[in-house]
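S.K.: Pasting structure17.txt here (compact mmCIF, C-alpha atoms and all ligand atoms):
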# COMPACT_ATOMS: atom_id res chain seq x y z
CA MET A 239 -19.33 31.85 51.53
CA HIS A 240 -16.05 30.37 52.86
CA THR A 241 -13.27 29.74 50.39
CA ALA A 242 -13.56 25.99 50.98
CA GLN A 243 -17.29 26.09 50.15
CA LYS A 244 -16.64 28.14 47.02
CA ALA A 245 -14.35 25.41 45.78
CA GLN A 246 -17.15 22.91 46.26
CA LYS A 247 -19.88 24.88 44.49
CA ILE A 248 -21.90 22.29 42.67
CA SER A 249 -23.09 22.68 39.11
CA ARG A 250 -26.55 24.05 38.28
CA ALA A 251 -27.46 20.61 36.88
CA ALA A 252 -26.53 18.76 40.09
CA GLY A 253 -28.35 21.37 42.16
CA ARG A 254 -31.56 20.63 40.25
CA ILE A 255 -31.80 17.02 41.50
CA HIS A 256 -33.86 16.40 44.61
CA SER A 257 -33.23 13.34 46.75
CA SER A 258 -36.07 10.82 46.50
CA ASP A 259 -38.31 10.74 49.58
CA ILE A 260 -38.89 7.06 49.04
CA ARG A 261 -35.18 6.34 48.88
CA ASP A 262 -34.97 8.29 52.16
CA LEU A 263 -37.76 6.14 53.54
CA LEU A 264 -35.76 3.02 52.64
CA GLN A 265 -33.76 3.51 55.82
CA HIS A 266 -36.93 2.51 57.69
CA ALA A 267 -36.93 -0.70 55.67
CA GLN A 268 -33.87 -1.78 57.65
CA GLN A 269 -35.90 -1.96 60.86
CA PRO A 270 -36.38 -5.52 62.09
CA GLY A 271 -39.84 -6.86 61.21
CA MET A 272 -40.58 -4.09 58.71
CA ILE A 273 -41.99 -5.18 55.36
CA SER A 274 -41.14 -2.24 53.16
CA MET A 275 -43.04 -1.37 50.04
CA ALA A 276 -41.38 2.01 49.74
CA GLY A 277 -39.20 1.06 46.77
CA GLY A 278 -39.23 -1.50 43.98
CA LEU A 279 -37.01 -3.89 45.93
CA PRO A 280 -37.30 -7.51 44.80
CA ALA A 281 -37.89 -10.02 47.61
CA ALA A 282 -34.30 -10.88 48.57
CA GLU A 283 -35.22 -14.29 49.98
CA LEU A 284 -36.37 -15.30 46.50
CA PHE A 285 -33.08 -14.63 44.74
CA ASP A 286 -31.85 -17.76 42.95
CA GLN A 287 -28.64 -17.71 44.95
CA ALA A 288 -27.73 -21.28 44.00
CA GLY A 289 -28.22 -20.59 40.28
CA ILE A 290 -26.21 -17.38 40.37
CA GLN A 291 -23.47 -19.11 42.34
CA ALA A 292 -23.32 -21.97 39.82
CA SER A 293 -23.11 -19.50 36.91
CA THR A 294 -20.43 -17.45 38.67
CA GLN A 295 -18.31 -20.54 39.29
CA GLN A 296 -18.77 -21.74 35.74
CA VAL A 297 -17.84 -18.33 34.32
CA LEU A 298 -14.70 -18.15 36.45
CA HIS A 299 -13.84 -21.70 35.47
CA THR A 300 -14.39 -21.52 31.72
CA HIS A 301 -14.95 -17.88 30.70
CA HIS A 302 -12.64 -15.97 32.98
CA MET A 303 -10.92 -14.15 30.11
CA PRO A 304 -13.93 -12.31 28.67
CA ALA A 305 -15.44 -11.96 32.15
CA LEU A 306 -12.40 -10.28 33.72
CA GLN A 307 -11.18 -8.32 30.69
CA TYR A 308 -12.42 -4.96 29.38
CA GLY A 309 -15.40 -5.48 27.10
CA MET A 310 -17.29 -3.83 24.29
CA THR A 311 -19.40 -0.75 25.04
CA GLU A 312 -22.41 -2.40 23.35
CA GLY A 313 -22.20 -5.33 25.76
CA GLN A 314 -20.80 -8.85 25.85
CA PRO A 315 -21.87 -10.81 22.74
CA ALA A 316 -23.04 -13.75 24.89
CA LEU A 317 -25.41 -11.58 26.90
CA ARG A 318 -26.70 -9.71 23.85
CA ARG A 319 -27.57 -13.08 22.30
CA GLU A 320 -29.45 -14.17 25.43
CA LEU A 321 -31.29 -10.85 25.69
CA SER A 322 -32.25 -11.20 22.04
CA SER A 323 -33.90 -14.57 22.93
CA LEU A 324 -35.58 -12.93 25.92
CA MET A 325 -37.01 -10.23 23.64
CA ALA A 326 -38.39 -12.97 21.36
CA GLN A 327 -40.02 -14.64 24.38
CA ARG A 328 -41.60 -11.25 25.13
CA GLY A 329 -43.16 -11.32 21.67
CA CYS A 330 -40.68 -8.89 20.18
CA PRO A 331 -37.87 -10.64 18.27
CA THR A 332 -34.83 -8.37 18.25
CA ASP A 333 -31.43 -8.86 16.67
CA ALA A 334 -28.58 -9.21 19.18
CA GLN A 335 -26.83 -6.33 17.36
CA ASP A 336 -29.76 -4.06 18.14
CA ILE A 337 -29.37 -4.53 21.88
CA LEU A 338 -27.34 -2.09 23.94
CA VAL A 339 -26.44 -3.50 27.35
CA THR A 340 -26.51 -0.90 30.12
CA THR A 341 -25.67 -0.63 33.81
CA GLY A 342 -29.25 -1.18 34.92
CA SER A 343 -32.15 0.29 32.98
CA GLN A 344 -31.49 3.46 34.97
CA GLN A 345 -28.42 4.01 32.83
CA ALA A 346 -30.40 3.25 29.69
CA LEU A 347 -32.79 6.08 30.53
CA ASP A 348 -29.95 8.38 31.48
CA LEU A 349 -28.19 7.71 28.16
CA ILE A 350 -31.35 8.35 26.18
CA VAL A 351 -32.04 11.59 28.00
CA ARG A 352 -28.45 12.78 27.64
CA THR A 353 -28.59 11.92 23.95
CA LEU A 354 -31.92 13.57 23.19
CA ILE A 355 -32.63 16.32 25.67
CA ASP A 356 -31.17 19.81 25.89
CA GLU A 357 -31.91 22.09 28.84
CA GLY A 358 -35.47 23.41 28.53
CA ASP A 359 -36.67 20.66 26.16
CA CYS A 360 -40.11 19.37 26.87
CA VAL A 361 -40.72 15.79 28.10
CA VAL A 362 -44.07 14.17 28.89
CA LEU A 363 -44.51 11.62 31.67
CA GLU A 364 -47.32 10.12 33.68
CA ARG A 365 -48.32 11.69 37.01
CA PRO A 366 -47.23 10.22 39.41
CA SER A 367 -44.11 8.82 37.79
CA TYR A 368 -41.03 6.84 38.69
CA LEU A 369 -38.88 9.14 40.80
CA ALA A 370 -35.51 8.04 39.49
CA ALA A 371 -36.74 8.92 35.98
CA ILE A 372 -37.75 12.35 37.25
CA GLN A 373 -34.26 12.76 38.71
CA VAL A 374 -32.67 12.00 35.34
CA LEU A 375 -34.92 14.59 33.71
CA GLN A 376 -34.18 17.14 36.43
CA LEU A 377 -30.47 16.66 35.87
CA ALA A 378 -30.95 17.29 32.17
CA GLY A 379 -32.96 20.45 32.90
CA ALA A 380 -35.97 19.08 31.00
CA HIS A 381 -39.29 20.88 31.16
CA MET A 382 -41.69 18.18 32.42
CA LEU A 383 -45.32 18.00 31.39
CA THR A 384 -47.39 15.42 33.23
CA LEU A 385 -50.39 13.39 32.16
CA PRO A 386 -52.83 12.16 34.79
CA GLY A 387 -53.41 8.43 34.95
CA ASP A 388 -56.18 6.02 35.88
CA ALA A 389 -56.58 2.25 36.10
CA GLN A 390 -55.75 2.01 32.36
CA GLY A 391 -52.48 3.91 32.77
CA ALA A 392 -51.61 7.39 31.48
CA ARG A 393 -54.48 9.36 29.91
CA ILE A 394 -53.04 9.36 26.41
CA ASP A 395 -56.28 10.90 25.13
CA LEU A 396 -55.19 14.12 26.89
CA LEU A 397 -51.75 14.13 25.27
CA PRO A 398 -52.51 16.25 22.17
CA GLU A 399 -53.98 19.00 24.32
CA LEU A 400 -51.21 18.79 26.92
CA ALA A 401 -48.49 18.89 24.28
CA GLY A 402 -50.19 21.78 22.49
CA GLU A 403 -47.61 24.05 20.94
CA GLN A 404 -44.82 22.84 23.23
CA ARG A 405 -43.55 20.13 20.86
CA PRO A 406 -42.30 17.56 23.41
CA LYS A 407 -39.18 15.68 22.39
CA LEU A 408 -39.87 12.61 24.47
CA VAL A 409 -42.68 10.72 26.18
CA TYR A 410 -41.65 8.36 28.99
CA VAL A 411 -44.03 5.60 30.07
CA VAL A 412 -43.79 2.54 32.30
CA SER A 413 -46.09 0.31 30.27
CA ASN A 414 -46.61 -2.62 32.65
CA PHE A 415 -47.36 -2.21 36.36
CA ALA A 416 -46.16 1.35 36.46
CA ASN A 417 -44.16 2.47 39.43
CA PRO A 418 -45.84 3.72 41.58
CA SER A 419 -49.43 3.38 40.33
CA GLY A 420 -49.26 -0.31 39.37
CA ALA A 421 -51.42 0.39 36.31
CA CYS A 422 -50.83 -1.18 32.90
CA LEU A 423 -51.24 1.03 29.87
CA SER A 424 -54.21 -0.40 27.96
CA LEU A 425 -53.81 -1.75 24.44
CA GLU A 426 -55.90 1.09 22.99
CA ARG A 427 -53.76 3.71 24.73
CA ARG A 428 -50.54 2.04 23.57
CA LYS A 429 -51.73 2.25 19.98
CA LEU A 430 -53.01 5.79 20.42
CA LEU A 431 -49.67 6.88 21.85
CA LEU A 432 -47.75 5.32 18.97
CA GLN A 433 -50.04 6.87 16.37
CA TRP A 434 -49.64 10.28 17.98
CA ALA A 435 -45.84 9.83 18.26
CA ALA A 436 -45.57 8.78 14.61
CA ALA A 437 -47.71 11.69 13.41
CA ASN A 438 -45.74 14.21 15.48
CA GLN A 439 -42.32 12.53 15.25
CA VAL A 440 -41.86 12.38 19.02
CA MET A 441 -39.76 9.67 20.67
CA VAL A 442 -41.59 7.33 23.06
CA ILE A 443 -39.52 5.44 25.63
CA GLU A 444 -41.21 2.43 27.12
CA ASP A 445 -39.71 1.30 30.43
CA ASP A 446 -40.63 -2.33 31.13
CA PRO A 447 -39.02 -3.70 34.29
CA TYR A 448 -42.05 -5.60 35.56
CA GLY A 449 -43.84 -7.17 32.54
CA ASP A 450 -42.33 -10.64 33.10
CA LEU A 451 -43.65 -10.72 36.66
CA ARG A 452 -47.32 -10.67 35.60
CA TYR A 453 -49.15 -13.27 37.64
CA ARG A 454 -52.69 -12.55 36.52
CA GLY A 455 -54.42 -11.50 33.29
CA GLU A 456 -53.24 -11.42 29.70
CA ARG A 457 -49.81 -10.16 28.64
CA LEU A 458 -50.09 -6.93 26.67
CA PRO A 459 -47.87 -6.46 23.61
CA SER A 460 -45.00 -4.06 24.13
CA MET A 461 -45.15 -0.79 22.23
CA LEU A 462 -42.04 -1.86 20.37
CA GLU A 463 -43.96 -4.89 19.09
CA LEU A 464 -47.02 -2.77 18.23
CA ALA A 465 -44.89 -0.10 16.54
CA ARG A 466 -43.80 -2.64 13.93
CA GLY A 467 -47.38 -2.64 12.64
CA ILE A 468 -47.96 1.13 12.68
CA PRO A 469 -46.58 3.26 9.84
CA ASP A 470 -43.64 5.50 10.89
CA ALA A 471 -43.95 4.41 14.54
CA GLU A 472 -40.89 2.16 14.80
CA SER A 473 -38.45 5.02 14.37
CA CYS A 474 -40.19 6.81 17.28
CA CYS A 475 -40.09 3.92 19.71
CA GLY A 476 -37.46 2.84 22.23
CA TYR A 477 -37.68 0.03 24.77
CA ILE A 478 -35.70 -0.36 27.98
CA SER A 479 -35.73 -3.19 30.47
CA THR A 480 -33.70 -4.82 33.20
CA LEU A 481 -32.67 -8.06 34.89
CA SER A 482 -33.02 -6.34 38.29
CA LYS A 483 -36.51 -7.55 39.09
CA THR A 484 -36.21 -11.04 37.61
CA ILE A 485 -32.64 -12.09 38.51
CA ALA A 486 -31.04 -9.54 40.88
CA PRO A 487 -30.51 -5.76 40.95
CA GLY A 488 -26.99 -6.28 42.31
CA LEU A 489 -25.91 -7.43 38.84
CA ARG A 490 -26.77 -3.91 37.57
CA LEU A 491 -27.80 -5.14 34.16
CA GLY A 492 -30.32 -3.54 31.87
CA TRP A 493 -30.67 -3.00 28.14
CA ALA A 494 -32.10 -0.73 25.50
CA VAL A 495 -33.52 -1.33 22.03
CA LEU A 496 -33.41 1.97 20.18
CA PRO A 497 -33.75 3.35 16.67
CA LEU A 498 -30.35 3.28 14.93
CA LEU A 499 -29.38 6.96 15.18
CA LEU A 500 -30.33 7.17 18.84
CA ARG A 501 -28.53 3.92 19.59
CA GLU A 502 -25.32 5.04 17.94
CA SER A 503 -25.34 8.34 19.80
CA ALA A 504 -26.23 6.70 23.11
CA LEU A 505 -23.35 4.28 22.56
CA LYS A 506 -20.88 7.16 22.28
CA VAL A 507 -22.31 8.76 25.43
CA LYS A 508 -22.00 5.46 27.28
CA GLN A 509 -18.41 5.09 26.14
CA SER A 510 -17.56 8.38 27.79
CA MET A 511 -19.48 7.48 30.95
CA ASP A 512 -18.21 4.03 31.89
CA LEU A 513 -16.57 2.42 28.82
CA HIS A 514 -18.82 -0.58 29.34
CA THR A 515 -21.03 -2.34 31.86
CA SER A 516 -19.28 -4.91 34.08
CA SER A 517 -18.16 -7.76 31.82
CA PHE A 518 -18.10 -10.03 34.86
CA THR A 519 -21.78 -9.69 35.74
CA GLN A 520 -22.69 -9.75 32.04
CA GLU A 521 -21.00 -13.12 31.58
CA ILE A 522 -22.66 -14.47 34.74
CA ALA A 523 -26.09 -13.32 33.54
CA ALA A 524 -25.45 -14.72 30.06
CA HIS A 525 -24.54 -18.09 31.54
CA TYR A 526 -27.55 -17.99 33.87
CA LEU A 527 -29.95 -17.19 31.02
CA ALA A 528 -28.40 -19.85 28.77
CA SER A 529 -28.83 -22.42 31.55
CA GLY A 530 -32.62 -22.03 31.22
CA ARG A 531 -33.10 -21.48 34.96
CA LEU A 532 -34.94 -18.19 34.47
CA THR A 533 -38.13 -19.89 33.26
CA GLU A 534 -38.45 -21.91 36.44
CA HIS A 535 -37.35 -18.97 38.57
CA LEU A 536 -39.94 -16.66 37.01
CA ALA A 537 -42.69 -19.18 37.75
CA LYS A 538 -41.54 -19.21 41.36
CA LEU A 539 -41.46 -15.41 41.56
CA ARG A 540 -44.93 -15.05 40.03
CA ALA A 541 -46.42 -17.58 42.44
CA ALA A 542 -44.77 -15.95 45.45
CA TYR A 543 -45.70 -12.37 44.49
CA SER A 544 -49.24 -13.46 43.68
CA SER A 545 -49.85 -15.07 47.05
CA ARG A 546 -48.14 -12.18 48.85
CA SER A 547 -50.32 -9.61 47.13
CA GLU A 548 -53.40 -11.64 48.08
CA ALA A 549 -52.21 -11.83 51.67
CA LEU A 550 -51.52 -8.09 51.77
CA ALA A 551 -54.91 -7.19 50.29
CA GLN A 552 -56.62 -9.48 52.76
CA ALA A 553 -54.66 -8.10 55.72
CA LEU A 554 -55.44 -4.52 54.67
CA ARG A 555 -59.13 -5.35 54.39
CA VAL A 556 -59.19 -6.99 57.79
CA THR A 557 -57.01 -4.42 59.56
CA PHE A 558 -58.23 -1.17 58.07
CA GLY A 559 -61.67 -2.04 56.77
CA LEU A 560 -63.33 1.03 55.35
CA ARG A 561 -60.59 3.36 56.51
CA LEU A 562 -58.50 2.51 53.47
CA SER A 563 -59.51 2.44 49.82
CA PHE A 564 -57.41 0.41 47.39
CA VAL A 565 -58.06 1.96 44.06
CA THR A 566 -56.70 5.45 43.76
CA SER A 567 -55.84 7.28 40.63
CA THR A 568 -54.99 10.94 41.03
CA GLU A 569 -51.92 12.18 42.83
CA ASP A 570 -54.11 13.88 45.42
CA GLN A 571 -55.95 10.65 46.11
CA LEU A 572 -52.68 8.75 46.38
CA ARG A 573 -51.30 11.40 48.72
CA GLU A 574 -54.38 11.18 50.87
CA GLY A 575 -54.24 7.38 50.81
CA VAL A 576 -50.64 7.41 52.06
CA GLN A 577 -51.53 9.87 54.83
CA ARG A 578 -54.48 7.75 55.88
CA LEU A 579 -52.36 4.61 55.83
CA ALA A 580 -49.73 6.37 57.97
CA SER A 581 -52.32 7.53 60.52
CA ALA A 582 -53.97 4.12 60.65
CA TYR A 583 -50.57 2.48 61.03
CA ALA A 584 -49.65 4.89 63.81
CA GLU A 585 -52.96 4.12 65.54
CA ILE A 586 -52.30 0.39 65.69
CA ASN A 587 -48.59 0.84 66.26
CA PRO A 588 -48.28 3.81 68.65
CA ASP A 589 -44.74 2.90 69.71
CA ASN A 590 -43.34 3.47 66.25
CA ALA A 591 -42.98 7.22 66.38
CA GLU A 592 -40.41 7.10 63.57
CA LEU A 593 -43.02 6.97 60.83
CA ARG A 594 -45.16 9.77 62.25
CA PRO A 595 -45.87 12.16 60.72
CA LEU A 596 -45.02 11.34 57.10
CA ARG A 597 -43.46 14.37 55.55
CA ASN A 598 -45.88 16.59 53.68
CA ASN A 599 -43.99 16.33 50.44
CA THR A 600 -44.20 12.54 50.34
CA SER A 601 -43.78 11.35 46.77
CA PHE A 602 -45.01 8.14 45.30
CA SER A 603 -42.28 6.18 43.74
CA GLY A 604 -39.11 4.30 44.43
C1 LIG B 701 -40.12 1.86 36.60
C2 LIG B 701 -38.71 1.48 36.90
N1 LIG B 701 -37.77 1.63 35.96
C3 LIG B 701 -36.48 1.32 36.19
C4 LIG B 701 -36.10 0.81 37.42
C5 LIG B 701 -34.62 0.63 37.69
O1 LIG B 701 -34.14 -0.55 37.33
P1 LIG B 701 -32.58 -0.85 37.28
O2 LIG B 701 -32.26 -1.57 38.53
O3 LIG B 701 -32.48 -1.71 36.07
O4 LIG B 701 -31.81 0.41 37.11
C6 LIG B 701 -37.03 0.61 38.43
C7 LIG B 701 -36.61 0.13 39.76
O5 LIG B 701 -37.27 0.24 40.75
C8 LIG B 701 -38.37 0.95 38.17
O6 LIG B 701 -39.33 0.81 39.09
So, in terms of structure tokens, how does the structure I just supplied come out?
Ligand SMILES: Cc1ncc(COP(=O)(O)O)c(C=O)c1O
M.R.:
Amino acid sequence: MHTAQKAQKISRAAGRIHSSDIRDLLQHAQQPGMISMAGGLPAAELFDQAGIQASTQQVLHTHHMPALQYGMTEGQPALRRELSSLMAQRGCPTDAQDILVTTGSQQALDLIVRTLIDEGDCVVLERPSYLAAIQVLQLAGAHMLTLPGDAQGARIDLLPELAGEQRPKLVYVVSNFANPSGACLSLERRKLLLQWAAANQVMVIEDDPYGDLRYRGERLPSMLELARGIPDAESCCGYISTLSKTIAPGLRLGWAVLPLLLRESALKVKQSMDLHTSSFTQEIAAHYLASGRLTEHLAKLRAAYSSRSEALAQALRVTFGLRLSFVTSTEDQLREGVQRLASAYAEINPDNAELRPLRNNTSFSG
């Protein structure tokens, strides 16, 4: 090894993280005419640009001091108040003081993992799972146990056997429209998970970026809401969410609701990481939420995503017919589905050699 390379030897922790295949695939999303579903990118043409612009101007006009100054690690009071109202609208009233604002929900997960997990600690997640969550766990050196999933979400019934003697410290689930499976964890499984967590004193982190985008079917109660009715469950339950999918990911705003001890420790970790999340975007989001525009905007998003999903399903039926099945559950089936989609796509689009062949280690998240 050259001296220069020696000086750049990366840590064992950094060496454990693999780049996400789907993030790598995102470069193809830049191609003209490509509709990419490789990552959880919100439809950019639906951003409420006028609303965000109006809030930005208003903040600079009347709130420039708190917006441009250093802020509190917990988050700007105005945004915490608005997020507290948002939690109430989601059926889970939460005190503003119990909300920790983070730089996207990605940071919320990172803080929780840094706070709870030592190298070698066991963490349970659904298979397949959100790749950026896996990266956080890789960085922490967690030992990952995976539960298979089906149309009702992770197979919580298999959790006691999977956990066995390994005493997991954390279970991570995306409760609504999981990335990448799209499944919602059923009510029964939510309750089962909480009962198991309470009995075994294991922390459950519910990641809920997509619940507000539901355009069909009944809203399911969050596990945080359910935990309030299950003995000993509330102290085992954390909730993280984001404004990325409903307002804009460029704001980089998420939040966490955590049991007190975990919240206080996560707060100290956050302080050392970035002091606080951008006060500027927090004030803009607070103003935007207070303006009431989100309700109308959400209705617009739900209608647009609903009709787009219908159009996609219809186009897939017409174009691929029996060559493509829609409902897949195991990782192997998903892998096969992606391969079949790639071959079928290559068949009808022979000029696009870029996508052929998909790499063998294609993963299923973004
Ligand atoms: C399941 C899941 N959690 C978290 C995130 C990240 O959200 P944020 O932009 O708030 O970091 C995403 C984004 O794709 C996601 O799909």
S.K.: Would you work out the distance separating atom CA of A:Gln314 from atom CA of A:Gln520, expressed in Å to one decimal?
M.R.: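 Interatomic distance here is 6.5 Å.
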S.K.: With only C-alpha atoms as the atoms that count, which of A:Leu408, A:Val297, A:Ile350, A:Leu462 lies nearest to A:Ala326?
M.R.: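 Of the candidates, the smallest distance to A:Ala326 is held by A:Leu462.
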S.K.: Could you list, as a ChimeraX atom specification, all the residues within 7 Å of ligand LIG 701 (chain B), counting only C-alpha atoms and all ligand atoms?
M.R.: /A:277-279,342-345,368,412,416-417,445-447,479-482,487,490-492,604
S.K.: Using only C-alpha atoms, find the one residue out of A:Met511, A:Leu284, A:Leu500, A:Ala251 that sits nearest to A:Arg540.
M.R.: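 Smallest separation from A:Arg540 among the options: A:Leu284.
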S.K.: Counting only C-alpha atoms, figure out which residue out of A:Lys506, A:Arg427, A:His514, A:His535 gets nearest to A:Leu349.
M.R.: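 The shortest atom-to-atom distance to A:Leu349 comes from A:Lys506.
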S.K.: Applying 12 Å and only C-alpha atoms, which residues near A:Arg457 remain after dropping the ones on its own chain fewer than 5 positions away? List them as a list in words.
M.R.: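 What passes the distance filter is Gln327, Arg328, Gly329, Ser413, Asn414, Phe415, Cys422, Leu423, Ser424, Leu425, Tyr448, Gly449, Asp450, Leu451 and Arg452 of chain A.
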S.K.: Env of A:Gln373: 7 Å cut, atoms = only C-alpha atoms, seq-sep filter 3 positions within chain, self excluded. Answer as a ChimeraX atom specification.
M.R.: /A:255-256,369-370,376-377
S.K.: Let me make sure I understand: among A:Thr294, A:Thr557, A:Thr332, A:Asn438, which one has the smallest atom-to-atom distance to A:Leu397 if we use all atoms listed in the file?
M.R.: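 When distances to A:Leu397 are compared using all atoms listed in the file, the smallest one comes from A:Asn438.
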S.K.: What separation in Å, quoted to one decimal, exists between atom CA of A:Pro469 and atom CA of A:Ala436?
M.R.: 7.4 Å
S.K.: Tell me, in Å to one decimal, how far atom CA of A:Ile478 is from atom CA of A:Ala267.
M.R.: 27.7 Å
S.K.: For A:Leu505, which residue among A:Tyr453, A:Asp336, A:Ala288, A:Cys330 is the nearest when counting only C-alpha atoms?
M.R.: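 Among A:Tyr453, A:Asp336, A:Ala288, A:Cys330, it is A:Asp336 that comes nearest to A:Leu505.
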S.K.: Name all residues at most 10 Å from stretch 307-309 of chain A (count only C-alpha atoms; drop same-chain ones fewer than 5 positions away) and give them as a list in words.
M.R.: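 Near stretch 307-309 of chain A, the qualifying residues are His302, Gln314, Pro315, Leu513, His514, Thr515, Ser516, Ser517, Phe518 and Gln520 of chain A.
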S.K.: In terms of the shortest atom-to-atom distance over all atoms listed in the file, which of A:Pro331, A:Phe285, A:Arg454, A:Asp512 is closest to A:Ser545?
M.R.: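 Under the stated criterion, the closest residue is A:Arg454.
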S.K.: Kindly extract all protein, DNA and RNA residues lying within 7 Å of the coordinates (-38.7, 11.2, 20.0) given in the file, considering all atoms listed in the file, and supply them as a PyMOL selection string.
M.R.: chain A and resi 407-408+439-442+474
S.K.: Output C-alpha atoms for every residue in that selection, as a PDB file, in the frame of the given file.
M.R.:
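Listing of selection11.pdb after writing:
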ATOM      1  CA  LYS A 407     -39.180  15.680  22.390  1.00  0.00           C
ATOM      2  CA  LEU A 408     -39.870  12.610  24.470  1.00  0.00           C
ATOM      3  CA  GLN A 439     -42.320  12.530  15.250  1.00  0.00           C
ATOM      4  CA  VAL A 440     -41.860  12.380  19.020  1.00  0.00           C
ATOM      5  CA  MET A 441     -39.760   9.670  20.670  1.00  0.00           C
ATOM      6  CA  VAL A 442     -41.590   7.330  23.060  1.00  0.00           C
ATOM      7  CA  CYS A 474     -40.190   6.810  17.280  1.00  0.00           C
TER       8      CYS A 474
END
S.K.: Counting all atoms listed in the file, what is within 8 Å of A:Gly289, bar same-chain residues fewer than 3 positions away, as a JSON list (two decimals) with C-alpha atoms, keeping the file's coordinate frame?
M.R.:
[["chain", "number", "residue", "atom", "x", "y", "z"],
["A", 286, "ASP", "CA", -31.85, -17.76, 42.95],
["A", 292, "ALA", "CA", -23.32, -21.97, 39.82],
["A", 293, "SER", "CA", -23.11, -19.50, 36.91],
["A", 526, "TYR", "CA", -27.55, -17.99, 33.87],
["A", 531, "ARG", "CA", -33.10, -21.48, 34.96]]
